[in-house]
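Only one structure is covered here, and it is reproduced in the block below.
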There are 2 protein chains.
Amino acid sequence: MPQIRLALAQIDACVGDLAGNADLAADRCREAADAGAHLVVLPEMALTGYPVEDLALRESFAVASVQALHRLAQRLGPDKLGELAVVIGYLDRDDTGPRNGAAVLHRGRVVARQFKHHLPNYGVFDEQRYFAAGTTLDVLRLHGLSIGMVICEDLWQEGGPVTALGGAGVDLVVAPNASPYERNKDDTRFALVARRAAEAGAPLAYANLVGAQDELVFDGDSMVVTADGSLLARAPQFVEHLLVVDLSLPDRPRAASGCSAGLDVREVVLSEEALPGWSDTVSPAVAEPLSDEAEVWWALVTGLRDYARKNGFRSVVLGLSGGIDSAVCAALAVDALGPSAVHGVSLPSSYSSEHSRSDAADLAERTGLRFTVEPIAGMVDAFVGRLGLTGLAEENVQARCRGVSLMGLSNMHGHLVLATGNKSELAVGYSTIYGDAVGGFAPIKDVPKSTVWELARWRNAEADRRGEPPPIPPSSITKEPSAELRPGQLDTDSLPDYALLDEVLDDYVEGDAGFTDLVAAGFDAALVEDIVRKVDAAEYKRRQYPPGTKITPKGFGRDRRLPITSAWRERAPH
Amino acid sequence: MPQIRLALAQIDACVGDLAGNADLAADRCREAADAGAHLVVLPEMALTGYPVEDLALRESFAVASVQALHRLAQRLGPDKLGELAVVIGYLDRDDTGPRNGAAVLHRGRVVARQFKHHLPNYGVFDEQRYFAAGTTLDVLRLHGLSIGMVICEDLWQEGGPVTALGGAGVDLVVAPNASPYERNKDDTRFALVARRAAEAGAPLAYANLVGAQDELVFDGDSMVVTADGSLLARAPQFVEHLLVVDLSLPDRPRAASGCSAGLDVREVVLSEEALPGWSDTVSPAVAEPLSDEAEVWWALVTGLRDYARKNGFRSVVLGLSGGIDSAVCAALAVDALGPSAVHGVSLPSSYSSEHSRSDAADLAERTGLRFTVEPIAGMVDAFVGRLGLTGLAEENVQARCRGVSLMGLSNMHGHLVLATGNKSELAVGYSTIYGDAVGGFAPIKDVPKSTVWELARWRNAEADRRGEPPPIPPSSITKEPSAELRPGQLDTDSLPDYALLDEVLDDYVEGDAGFTDLVAAGFDAALVEDIVRKVDAAEYKRRQYPPGTKITPKGFGRDRRLPITSAWRERAPH
């Protein structure tokens with residue numbers, strides 16, 4: 001049985017950092033060569049980072065990407081490293097414009113290149129805006145084995161390029177990916193990879209990015225699945241990793257070039273001599289997937305940490321209200337950046353409860369974050385007195401004085417300001433624009449309120465398990481939510497219970513359900529009309545909200561593009 | 001020679017307002033029938049408004065659109081109106097999902113429908129996210145004439161559906177459009193329509209939307225061009241209009257059904273009896289296109305007016321600094337909404353010059369807008385004193401106290417807040433987030449500073465021509481630009497001269513030029529690096545900026561989608 005040692009390099013590439021990403025790739029190639037690998041696979045657009053958005057259209061950037069690719073090939077050329085075949089994603093540009101490409105580097109040269117066939121143009125993806133689709137498949141001959149390549153979305157297509165490779169008869173399929181995390185996606189992925197491996201009649205190696213880019217976080221979860229659908233190896237989530245696997249492959253006839261399933265399959269010969277067999281095979285690592293809450297927590301930590309790091313921030317500042325949202329944001333920030341980089345500020349007004357201050361202080365003590373108190377009454381009075389503000393205007397000015405204070409501290413000390421709103425609030429517009437919505441990043445923007453509570457409980461239980469102090473004050477978890485902008489105010493004055501609200505939002509926002517569907521699902525018609533009206537009316541606020549990590553199948557942002565100006569309302573048919 | 005009387009209905013449809021848009025369409029059909037027209041053409045997606053963005057994916061909305069179409073057909077059914085053939089754009093939905101359709105209504109029924117073939121997925125357009133492409137062409141037989149249809153982007157394709165209609169041999173091509181305004185586009189359009197009319201060998205009737213939707217403004221500019229490329233009729237820009245034209249068409253053989261240029265051409269017979277000829281033909285209107293400045297001005301007025309009106313605002317509030325940007329925004333608002341709906345507030349700080357107040361007062365007197373003065377020193381002192389702000393933090397807090405004041409007035413009185421920043425500032429981040437960037441709408445967001453001055457001069461000259469007082473104080477036009485956030489501050493302390501800055505920005509932002517191109521164009525390398533760095537670093541501010549009317553080929557927003565997190569910098573190759 002022919003053998004090959006394969007390495008998947010799960011790296012955290014930064015968009016636009018061609019030199020830094022090439023360094024990451026080169027380091028992993030060296031590590032793979034040291035581990036005796038013959039082939040290393042890096043993720044989709046690992047050289048440029050992903051998604052590069054309209055940078056794909058900038059000719060200077062595409063040219064620089066191709067140059068960086070050739071430089072990387074040369075750099076890996078000498079000695080033992082040159083024998084390693086390296087598959088890496090990059091941005092190409094030809095007569096048709098930019099291309100989403102995967103190249104093969106070998107003995108100092110770029111020996112093969114192939115473009116993505118299926119260009120996702122839904123959800124957060126706009127690839128048909130940028131790329132022309134590939135029409136050919138390059139099959140590598142490496143140590144007498146035939147190795148096909150497909151890029152990310154190509155895997156998701158029934159009867160697509162994988163079928164063509166199966167028809168040609170390859171020994172192995174490798175797939176560079178940039179597949180963003182969303183809740184429960186990893187199970188979908190494994191099932192998909194297994195299905196495609198069966199279609200190819202060969203093992204499938206899936207290499208994914210890790211780390212965050214603006215609103216997206218990549219969880220890694222790289223894996224190798226055999227032709228019969230068993231999981232041979234799996235990388236841990238949310239960390240960089242080199243997954244090394246020995247494959248013993250059945251003897252089979254050489255893959256056929258020419259047309260297969262309507263696609264042009266071309267052979268690129270690197271080496272025909274089979275490897276001498278070996279028996280001391282590496283034991284493949286099969287990482288346990290994280291629990292649901294752990295996965296969401298680490299997605300949020302990664303999202304915040306990478307946004308801060310990749311944008312040059314060493315510290316964050318956030319308002320601490322004593323409530324659950326700011327407590328969870330603070331705990332995330334402490335896990336992401338360490339307690340000394342997190343500056344929590346209690347900003348009490350004359351309507352703030354005693355527990356708003358004491359719970360914030362408790363949080364600071366539990367986590368070790370830097371804590372200060374800055375009362376806002378003087379600022380609020382200046383506006384209210386001068387402008388005669390009353391009612392909602394007076395409520396909002398409190399939130400805005402907090403926002404201006406946090407921005408002032410950010411300007412003085414260079415902290416990144418965190419907005420602490422959750423997805424349920426953002427959905428119904430239960431926030432003050434330029435007030436609590438102020439921030440460079442919003443860590444729990446895509447986390448429904450019900451999930452915020454779940455995460456708080458999980459994180460505290462996790463601390464218990466580790467024998468550490470639970471970071472989140474129990475009373476922040478159990479108290480009734482309140483914005484505290486007027487005496488005795490509770491969220492439930494304006495909103496339904498969050499459990500019910502989140503159910504309706506899940507159907508309306510993520511499911512895009514209409515009025516009739518929502519009522520058929522058992523929700524009260526008046527409740528539906530009220531929630532839907534609030535969601536639609538808050539679109540203008542969401543447009544000006546800071547970015548935050550996407551964890552659901554449909555986050556607010558690139559995922560859900562609705563007009564601000566719209567007369568359409570879901571309501572009972574008339 | 002066979003004759004037909006054609007009407008193009010240039011209407012201001014509102015996104016999502018199916019009932020209101022159907023009313024607009026019905027009114028125009030009645031008017032067309034009264035004028036003796038046989039065929040009326042309404043714009044692309046006139047029934048739903050355009051663009052509906054992700055509403056296209058909402059099944060309830062697509063179903064409602066199809067129902068509204070059938071209801072409109074029934075409503076137009078009876079009497080003389082039923083004899084009118086009506087071409088109207090709408091949102092359809094079939095097994096493949098949503099479709100960008102044009103339907104023909106006749107005698108109370110939907111008698112033909114056709115889907116857009118070419119789906120733009122560049123610039124502000126995302127149509128491949130929504131629609132499957134059409135593959136068939138319906139040719140109407142109306143009074144013995146063969147009339148083909150194409151939708152918007154189909155016109156922009158060499159060798160596309162128009163070629164197929166030309167091959168089949170039609171007598172007339174009608175084109176519903178939703179083509180947004182951008183500077184100098186109308187000349188491109190006429191040339192394009194003329195080219196396609198020649199390709200069709202038949203007159204081409206182009207019906208466009210008018211009015212604004214979020215950042216887009218539609219200018220109308222509907223026209224009829226003969227097969228030999230002469231302009232027969234043209235509607236005025238930025239107003240609703242019914243353009244009625246008599247066409248005398250050469251005798252020609254009946255158009256062939258079947259395959260033409262690879263597309264399936266199907267005939268739909270409405271009536272074969274030729275019309276009795278008439279000699280009292282209507283004299284076709286040929287509106288003069290507006291001058292460049294007038295066109296931009298009315299685009300901005302329309303954008304602001306429709307945003308306010310369609311979102312339920314009857315008044316606006318804005319800060320008046322005595323500078324050119326706020327003066328031009330105020331003049332636009334007065335032209336859009338009338339002086340009594342415009343609330344200008346002078347918000348002087350201790351660094352504000354005497355002329356900042358007197359020029360604002362002069363503007364108020366010239367335009368008749370409502371004017372108040374609200375000094376911010378007390379508010380600023382409250383923040384500075386409590387938080388110990390200095391330097392940039394102290395500068396920004398002044399802008400933010402103004403923002404909070406305007407939002408307070410908005411909350412008290414229901415005014416829409418206008419942000420008065422121009423495109424040059426927005427490009428280089430020369431604005432304070434949550435300060436002068438506060439607003440629900442930003443009228444001159446896409447207007448480079450050089451153009452702001454041009455517009456001010458043009459608007460004053462226009463007033464002179466009309467014998468009215470020029471709205472903009474001459475000293476606001478001639479004074480040196482300053483943010484007045486510290487003593488003696490001038491924009492030129494931080495930025496190059498605006499004329500030079502705008503040239504670089506034009507190449508970098510609109511032209512997507514790289515470093516080498518910019519230097520080759522004659523700009524100083526250090527200047528280029530500085531400007532490019534500023535533009536890239538301000539992406540996070542632009543993301544939270546309010547929407548504003550697009551007038552250039554590439555506005556910030558849907559037109560230019562760049563990551564916030566990006567290590568890519570245009571610089572000298574190393």
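Ligands are numbered from 1 in the order shown, chains are lettered A, B, ... in the order of the structure tokens, and residues start at 1 in each chain.
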
Quick check for you: according to DSSP on this backbone, which residues of range 163-304 of chain B are classed as helix (DSSP H, G or I)? Reply as a PDB file with N, CA, C and O atoms, in the first residue's frame.
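Once everything was written out, this is result_4.pdb:
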```
ATOM      1  N   THR B 163     -29.767  42.107 -28.792  1.00  0.00           N
ATOM      2  CA  THR B 163     -29.326  41.487 -30.043  1.00  0.00           C
ATOM      3  C   THR B 163     -30.299  40.386 -30.468  1.00  0.00           C
ATOM      4  O   THR B 163     -30.647  40.256 -31.649  1.00  0.00           O
ATOM      5  N   ALA B 164     -30.731  39.607 -29.474  1.00  0.00           N
ATOM      6  CA  ALA B 164     -31.675  38.520 -29.778  1.00  0.00           C
ATOM      7  C   ALA B 164     -32.985  39.088 -30.321  1.00  0.00           C
ATOM      8  O   ALA B 164     -33.547  38.562 -31.288  1.00  0.00           O
ATOM      9  N   LEU B 165     -33.457  40.189 -29.719  1.00  0.00           N
ATOM     10  CA  LEU B 165     -34.695  40.814 -30.204  1.00  0.00           C
ATOM     11  C   LEU B 165     -34.488  41.370 -31.604  1.00  0.00           C
ATOM     12  O   LEU B 165     -35.369  41.272 -32.461  1.00  0.00           O
ATOM     13  N   GLY B 166     -33.312  41.962 -31.823  1.00  0.00           N
ATOM     14  CA  GLY B 166     -32.995  42.459 -33.167  1.00  0.00           C
ATOM     15  C   GLY B 166     -33.018  41.323 -34.177  1.00  0.00           C
ATOM     16  O   GLY B 166     -33.551  41.461 -35.285  1.00  0.00           O
ATOM     17  N   GLY B 167     -32.461  40.192 -33.777  1.00  0.00           N
ATOM     18  CA  GLY B 167     -32.435  39.019 -34.663  1.00  0.00           C
ATOM     19  C   GLY B 167     -33.838  38.519 -34.975  1.00  0.00           C
ATOM     20  O   GLY B 167     -34.144  38.114 -36.102  1.00  0.00           O
ATOM     21  N   ALA B 168     -34.716  38.565 -33.963  1.00  0.00           N
ATOM     22  CA  ALA B 168     -36.095  38.116 -34.170  1.00  0.00           C
ATOM     23  C   ALA B 168     -36.855  39.110 -35.056  1.00  0.00           C
ATOM     24  O   ALA B 168     -37.784  38.735 -35.758  1.00  0.00           O
ATOM     25  N   LYS B 185     -23.610  60.438 -15.677  1.00  0.00           N
ATOM     26  CA  LYS B 185     -24.097  59.165 -16.199  1.00  0.00           C
ATOM     27  C   LYS B 185     -25.098  59.344 -17.330  1.00  0.00           C
ATOM     28  O   LYS B 185     -25.248  58.461 -18.169  1.00  0.00           O
ATOM     29  N   ASP B 186     -25.818  60.485 -17.338  1.00  0.00           N
ATOM     30  CA  ASP B 186     -26.881  60.621 -18.348  1.00  0.00           C
ATOM     31  C   ASP B 186     -26.339  60.604 -19.772  1.00  0.00           C
ATOM     32  O   ASP B 186     -26.964  60.061 -20.674  1.00  0.00           O
ATOM     33  N   ASP B 187     -25.142  61.139 -19.966  1.00  0.00           N
ATOM     34  CA  ASP B 187     -24.566  61.094 -21.312  1.00  0.00           C
ATOM     35  C   ASP B 187     -24.254  59.662 -21.718  1.00  0.00           C
ATOM     36  O   ASP B 187     -24.521  59.248 -22.843  1.00  0.00           O
ATOM     37  N   THR B 188     -23.687  58.906 -20.771  1.00  0.00           N
ATOM     38  CA  THR B 188     -23.397  57.489 -21.012  1.00  0.00           C
ATOM     39  C   THR B 188     -24.674  56.762 -21.409  1.00  0.00           C
ATOM     40  O   THR B 188     -24.687  55.961 -22.333  1.00  0.00           O
ATOM     41  N   ARG B 189     -25.753  57.053 -20.668  1.00  0.00           N
ATOM     42  CA  ARG B 189     -27.018  56.369 -20.917  1.00  0.00           C
ATOM     43  C   ARG B 189     -27.540  56.616 -22.319  1.00  0.00           C
ATOM     44  O   ARG B 189     -27.958  55.686 -22.992  1.00  0.00           O
ATOM     45  N   PHE B 190     -27.536  57.892 -22.755  1.00  0.00           N
ATOM     46  CA  PHE B 190     -28.072  58.174 -24.088  1.00  0.00           C
ATOM     47  C   PHE B 190     -27.273  57.434 -25.149  1.00  0.00           C
ATOM     48  O   PHE B 190     -27.838  56.799 -26.051  1.00  0.00           O
ATOM     49  N   ALA B 191     -25.962  57.468 -25.034  1.00  0.00           N
ATOM     50  CA  ALA B 191     -25.115  56.788 -26.015  1.00  0.00           C
ATOM     51  C   ALA B 191     -25.416  55.289 -26.026  1.00  0.00           C
ATOM     52  O   ALA B 191     -25.481  54.650 -27.083  1.00  0.00           O
ATOM     53  N   LEU B 192     -25.605  54.744 -24.834  1.00  0.00           N
ATOM     54  CA  LEU B 192     -25.882  53.312 -24.708  1.00  0.00           C
ATOM     55  C   LEU B 192     -27.221  52.956 -25.350  1.00  0.00           C
ATOM     56  O   LEU B 192     -27.329  51.984 -26.113  1.00  0.00           O
ATOM     57  N   VAL B 193     -28.243  53.743 -25.023  1.00  0.00           N
ATOM     58  CA  VAL B 193     -29.578  53.460 -25.553  1.00  0.00           C
ATOM     59  C   VAL B 193     -29.558  53.564 -27.087  1.00  0.00           C
ATOM     60  O   VAL B 193     -30.141  52.728 -27.788  1.00  0.00           O
ATOM     61  N   ALA B 194     -28.839  54.559 -27.584  1.00  0.00           N
ATOM     62  CA  ALA B 194     -28.735  54.721 -29.042  1.00  0.00           C
ATOM     63  C   ALA B 194     -28.066  53.493 -29.673  1.00  0.00           C
ATOM     64  O   ALA B 194     -28.501  52.983 -30.711  1.00  0.00           O
ATOM     65  N   ARG B 195     -26.999  53.003 -29.022  1.00  0.00           N
ATOM     66  CA  ARG B 195     -26.286  51.837 -29.550  1.00  0.00           C
ATOM     67  C   ARG B 195     -27.209  50.617 -29.580  1.00  0.00           C
ATOM     68  O   ARG B 195     -27.231  49.858 -30.544  1.00  0.00           O
ATOM     69  N   ARG B 196     -27.978  50.440 -28.528  1.00  0.00           N
ATOM     70  CA  ARG B 196     -28.863  49.264 -28.463  1.00  0.00           C
ATOM     71  C   ARG B 196     -30.037  49.388 -29.439  1.00  0.00           C
ATOM     72  O   ARG B 196     -30.478  48.387 -30.004  1.00  0.00           O
ATOM     73  N   ALA B 197     -30.529  50.600 -29.629  1.00  0.00           N
ATOM     74  CA  ALA B 197     -31.617  50.798 -30.597  1.00  0.00           C
ATOM     75  C   ALA B 197     -31.129  50.383 -31.991  1.00  0.00           C
ATOM     76  O   ALA B 197     -31.842  49.721 -32.750  1.00  0.00           O
ATOM     77  N   ALA B 198     -29.873  50.742 -32.291  1.00  0.00           N
ATOM     78  CA  ALA B 198     -29.295  50.346 -33.580  1.00  0.00           C
ATOM     79  C   ALA B 198     -29.185  48.822 -33.659  1.00  0.00           C
ATOM     80  O   ALA B 198     -29.497  48.207 -34.688  1.00  0.00           O
ATOM     81  N   GLU B 199     -28.759  48.211 -32.553  1.00  0.00           N
ATOM     82  CA  GLU B 199     -28.617  46.754 -32.525  1.00  0.00           C
ATOM     83  C   GLU B 199     -29.966  46.067 -32.706  1.00  0.00           C
ATOM     84  O   GLU B 199     -30.059  45.011 -33.332  1.00  0.00           O
ATOM     85  N   ALA B 200     -31.013  46.680 -32.109  1.00  0.00           N
ATOM     86  CA  ALA B 200     -32.362  46.115 -32.239  1.00  0.00           C
ATOM     87  C   ALA B 200     -32.956  46.428 -33.611  1.00  0.00           C
ATOM     88  O   ALA B 200     -33.892  45.762 -34.053  1.00  0.00           O
ATOM     89  N   ASP B 292     -24.235  70.374 -14.984  1.00  0.00           N
ATOM     90  CA  ASP B 292     -23.566  69.463 -14.053  1.00  0.00           C
ATOM     91  C   ASP B 292     -23.872  69.822 -12.600  1.00  0.00           C
ATOM     92  O   ASP B 292     -24.285  68.976 -11.805  1.00  0.00           O
ATOM     93  N   GLU B 293     -23.709  71.084 -12.229  1.00  0.00           N
ATOM     94  CA  GLU B 293     -23.936  71.480 -10.835  1.00  0.00           C
ATOM     95  C   GLU B 293     -25.410  71.357 -10.451  1.00  0.00           C
ATOM     96  O   GLU B 293     -25.729  70.922  -9.344  1.00  0.00           O
ATOM     97  N   ALA B 294     -26.296  71.746 -11.392  1.00  0.00           N
ATOM     98  CA  ALA B 294     -27.728  71.670 -11.089  1.00  0.00           C
ATOM     99  C   ALA B 294     -28.128  70.216 -10.838  1.00  0.00           C
ATOM    100  O   ALA B 294     -28.913  69.912  -9.936  1.00  0.00           O
ATOM    101  N   GLU B 295     -27.570  69.343 -11.646  1.00  0.00           N
ATOM    102  CA  GLU B 295     -27.874  67.929 -11.541  1.00  0.00           C
ATOM    103  C   GLU B 295     -27.450  67.397 -10.170  1.00  0.00           C
ATOM    104  O   GLU B 295     -28.207  66.694  -9.490  1.00  0.00           O
ATOM    105  N   VAL B 296     -26.229  67.738  -9.754  1.00  0.00           N
ATOM    106  CA  VAL B 296     -25.750  67.294  -8.445  1.00  0.00           C
ATOM    107  C   VAL B 296     -26.626  67.892  -7.348  1.00  0.00           C
ATOM    108  O   VAL B 296     -27.057  67.201  -6.422  1.00  0.00           O
ATOM    109  N   TRP B 297     -26.905  69.183  -7.467  1.00  0.00           N
ATOM    110  CA  TRP B 297     -27.734  69.852  -6.443  1.00  0.00           C
ATOM    111  C   TRP B 297     -29.075  69.156  -6.285  1.00  0.00           C
ATOM    112  O   TRP B 297     -29.503  68.829  -5.179  1.00  0.00           O
ATOM    113  N   TRP B 298     -29.744  68.883  -7.414  1.00  0.00           N
ATOM    114  CA  TRP B 298     -31.087  68.287  -7.326  1.00  0.00           C
ATOM    115  C   TRP B 298     -31.021  66.832  -6.905  1.00  0.00           C
ATOM    116  O   TRP B 298     -31.948  66.325  -6.257  1.00  0.00           O
ATOM    117  N   ALA B 299     -29.941  66.163  -7.224  1.00  0.00           N
ATOM    118  CA  ALA B 299     -29.753  64.803  -6.698  1.00  0.00           C
ATOM    119  C   ALA B 299     -29.692  64.852  -5.177  1.00  0.00           C
ATOM    120  O   ALA B 299     -30.332  64.055  -4.479  1.00  0.00           O
ATOM    121  N   LEU B 300     -28.949  65.834  -4.636  1.00  0.00           N
ATOM    122  CA  LEU B 300     -28.792  65.940  -3.189  1.00  0.00           C
ATOM    123  C   LEU B 300     -30.102  66.368  -2.520  1.00  0.00           C
ATOM    124  O   LEU B 300     -30.466  65.859  -1.458  1.00  0.00           O
ATOM    125  N   VAL B 301     -30.802  67.312  -3.151  1.00  0.00           N
ATOM    126  CA  VAL B 301     -32.098  67.748  -2.611  1.00  0.00           C
ATOM    127  C   VAL B 301     -33.075  66.569  -2.598  1.00  0.00           C
ATOM    128  O   VAL B 301     -33.751  66.305  -1.592  1.00  0.00           O
ATOM    129  N   THR B 302     -33.117  65.838  -3.706  1.00  0.00           N
ATOM    130  CA  THR B 302     -34.033  64.700  -3.806  1.00  0.00           C
ATOM    131  C   THR B 302     -33.675  63.628  -2.786  1.00  0.00           C
ATOM    132  O   THR B 302     -34.545  63.040  -2.137  1.00  0.00           O
ATOM    133  N   GLY B 303     -32.382  63.352  -2.645  1.00  0.00           N
ATOM    134  CA  GLY B 303     -31.936  62.330  -1.700  1.00  0.00           C
ATOM    135  C   GLY B 303     -32.364  62.651  -0.279  1.00  0.00           C
ATOM    136  O   GLY B 303     -32.884  61.793   0.449  1.00  0.00           O
ATOM    137  N   LEU B 304     -32.157  63.907   0.119  1.00  0.00           N
ATOM    138  CA  LEU B 304     -32.521  64.333   1.472  1.00  0.00           C
ATOM    139  C   LEU B 304     -34.033  64.377   1.653  1.00  0.00           C
ATOM    140  O   LEU B 304     -34.575  63.891   2.649  1.00  0.00           O
TER     141      LEU B 304
END
```

Please, which residues in chain A fall within 7 Å of chain B when counting only C-alpha atoms, and what is the closest atom pair and distance in Å to one decimal for each, ordered by chain then residue number, as CSV?
```
residue,atom,partner,partner_atom,distance
A:Val15,CA,B:Ser566,CA,5.1
A:Gly16,CA,B:Trp568,CA,4.1
A:Asp17,CA,B:Ala567,CA,4.9
A:Val52,CA,B:Pro563,CA,6.7
A:Glu53,CA,B:Leu562,CA,5.5
A:Asp54,CA,B:Arg561,CA,5.3
A:Leu55,CA,B:Leu562,CA,6.6
A:Arg58,CA,B:Asp512,CA,5.9
A:Ser60,CA,B:Gly514,CA,5.2
A:Asn121,CA,B:Arg129,CA,5.4
A:Tyr122,CA,B:Arg129,CA,5.5
A:Gln128,CA,B:Asn121,CA,6.9
A:Arg129,CA,B:Asn121,CA,5.4
A:Gln213,CA,B:Thr565,CA,6.5
A:Asp214,CA,B:Thr565,CA,6.0
A:Lys310,CA,B:Thr565,CA,6.4
A:Asn311,CA,B:Thr565,CA,6.0
A:Gly378,CA,B:Ala382,CA,6.0
A:Met379,CA,B:Ala382,CA,5.1
A:Ala382,CA,B:Met379,CA,5.1
A:Phe383,CA,B:Met379,CA,6.3
A:Leu389,CA,B:Gly408,CA,6.7
A:Leu392,CA,B:Asn411,CA,6.7
A:Ala393,CA,B:Asn411,CA,5.0
A:Val397,CA,B:Gly408,CA,6.8
A:Arg400,CA,B:Val404,CA,6.6
A:Val404,CA,B:Arg400,CA,6.6
A:Gly408,CA,B:Ala393,CA,5.3
A:Asn411,CA,B:Ala393,CA,5.0
A:Met412,CA,B:Ala393,CA,5.8
A:Tyr434,CA,B:Tyr434,CA,5.8
A:Asp512,CA,B:Arg58,CA,5.9
A:Gly514,CA,B:Ser60,CA,5.2
A:Arg543,CA,B:Gln544,CA,6.7
A:Gln544,CA,B:Gln544,CA,4.0
A:Tyr545,CA,B:Gln544,CA,6.2
A:Pro546,CA,B:Gln544,CA,6.7
A:Arg560,CA,B:Asp54,CA,6.6
A:Arg561,CA,B:Asp54,CA,5.4
A:Leu562,CA,B:Asp54,CA,5.4
A:Pro563,CA,B:Glu53,CA,6.5
A:Ile564,CA,B:Asp214,CA,6.6
A:Thr565,CA,B:Asn311,CA,6.0
A:Ser566,CA,B:Val15,CA,5.1
A:Ala567,CA,B:Gly16,CA,4.7
A:Trp568,CA,B:Gly16,CA,4.1
```

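Proximity to Thr135 in chain A was assessed for A:Gly82, A:Pro98, A:Gly220, A:Gly262 counting only C-alpha atoms; the smallest distance is recorded for A:Gly262.
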
Requested in this report: Identify which of the residues B:Val63, B:Val328, B:Ala35, B:Val447 lies closest to Ser476 in chain B, counting only C-alpha atoms when measuring atom-to-atom distances.
Outcome: B:Val328

Report task. Grab the CA of Ala103 in chain B to CA of Pro250 in chain B distance for me, in Å with one decimal place. Result ->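 About the pair CA of Ala103 in chain B and CA of Pro250 in chain B: they are 26.3 Å apart.
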
Requested in this report: Write out as a list in words the residues lying within 10 Å of Asp280 in chain B, counting only C-alpha atoms and excluding same-chain residues fewer than 3 positions away.
Outcome: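 Final neighbour list, sorted by chain and number: Asp246, Gly277 and Ser283 of chain B.
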
Requested in this report: In Å, rounded to a single decimal, give me how far CA of Val244 in chain A is from CA of Val265 in chain A.
Outcome: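 That distance, rounded to one decimal, is 27.8 Å.
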
Requested in this report: Quick one: everything within 12 Å of Ala341 in chain A, counting only C-alpha atoms, minus sequence neighbours fewer than 6 positions away in the same chain. Send it as JSON, numbers by chain.
Outcome: {"A": [305, 308, 309, 313, 314, 315, 316, 317, 318, 330, 331, 332, 333, 334, 335, 367, 368, 369, 370, 371, 413, 414, 415, 416, 417]}

Hey, can you spit out that residue selection with C-alpha atoms as a short mmCIF file (atom, residue, chain, number, x, y, z; two decimals), in the first residue's frame?
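Written out: again34.cif:
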```
data_model
loop_
_atom_site.label_atom_id
_atom_site.label_comp_id
_atom_site.auth_asym_id
_atom_site.auth_seq_id
_atom_site.Cartn_x
_atom_site.Cartn_y
_atom_site.Cartn_z
CA ARG A 305 -8.70 39.28 20.85
CA ALA A 308 -7.85 44.25 19.19
CA ARG A 309 -4.51 42.71 18.24
CA PHE A 313 -5.02 47.92 20.50
CA ARG A 314 -3.41 46.67 23.72
CA SER A 315 -6.27 47.52 26.06
CA VAL A 316 -10.02 47.98 26.14
CA VAL A 317 -12.40 50.15 28.15
CA LEU A 318 -16.06 49.45 28.82
CA ALA A 330 -15.73 42.12 30.71
CA ALA A 331 -15.18 38.41 31.35
CA LEU A 332 -14.63 37.83 27.64
CA ALA A 333 -12.17 40.73 27.50
CA VAL A 334 -10.26 39.39 30.51
CA ASP A 335 -10.04 35.94 28.86
CA THR A 367 -11.62 39.20 37.49
CA GLY A 368 -8.83 41.55 38.52
CA LEU A 369 -9.71 44.12 35.86
CA ARG A 370 -8.86 47.83 36.39
CA PHE A 371 -11.86 49.54 37.91
CA HIS A 413 -5.32 56.31 26.93
CA GLY A 414 -5.66 54.56 23.58
CA HIS A 415 -8.13 51.92 24.78
CA LEU A 416 -10.51 50.23 22.37
CA VAL A 417 -14.06 51.02 23.55
#
```

Report task. Kindly give the distance, in Å, that separates CA of Phe218 in chain B and CA of Lys445 in chain B, rounded to a single decimal. Result -> 17.2 Å

Requested in this report: Give the answer as one residue: which of A:Ile4, A:Val170, A:Leu84, A:Ala26 has the shortest atom-to-atom distance to Arg266 in chain A, using only C-alpha atoms?
Outcome: A:Val170

Report task. Check range 359-418 of chain A with DSSP on the backbone and list each residue it calls strand (DSSP E), as an MDAnalysis selection string. Result -> chainID A and resid 370:373 416:417

Requested in this report: For Ala456 in chain B, work out the shell of residues within 9 Å, counting only C-alpha atoms and skipping chain neighbours fewer than 5 positions away, then give it as a PyMOL selection string.
Outcome: chain B and resi 324+327-328+331+451+461+471-472+477

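Residues within 9 Å of Leu105 in chain B, counting only C-alpha atoms and excluding same-chain residues fewer than 2 positions away, are Leu69, His70, Leu72, Ala73, Gln74, Leu76, Gly77, Gly82, Leu84, Ala85, Val86, Val87, Ile88, Ala103, Arg107, Gly108, Arg109, Val110, Val111 and Ala112 of chain B.
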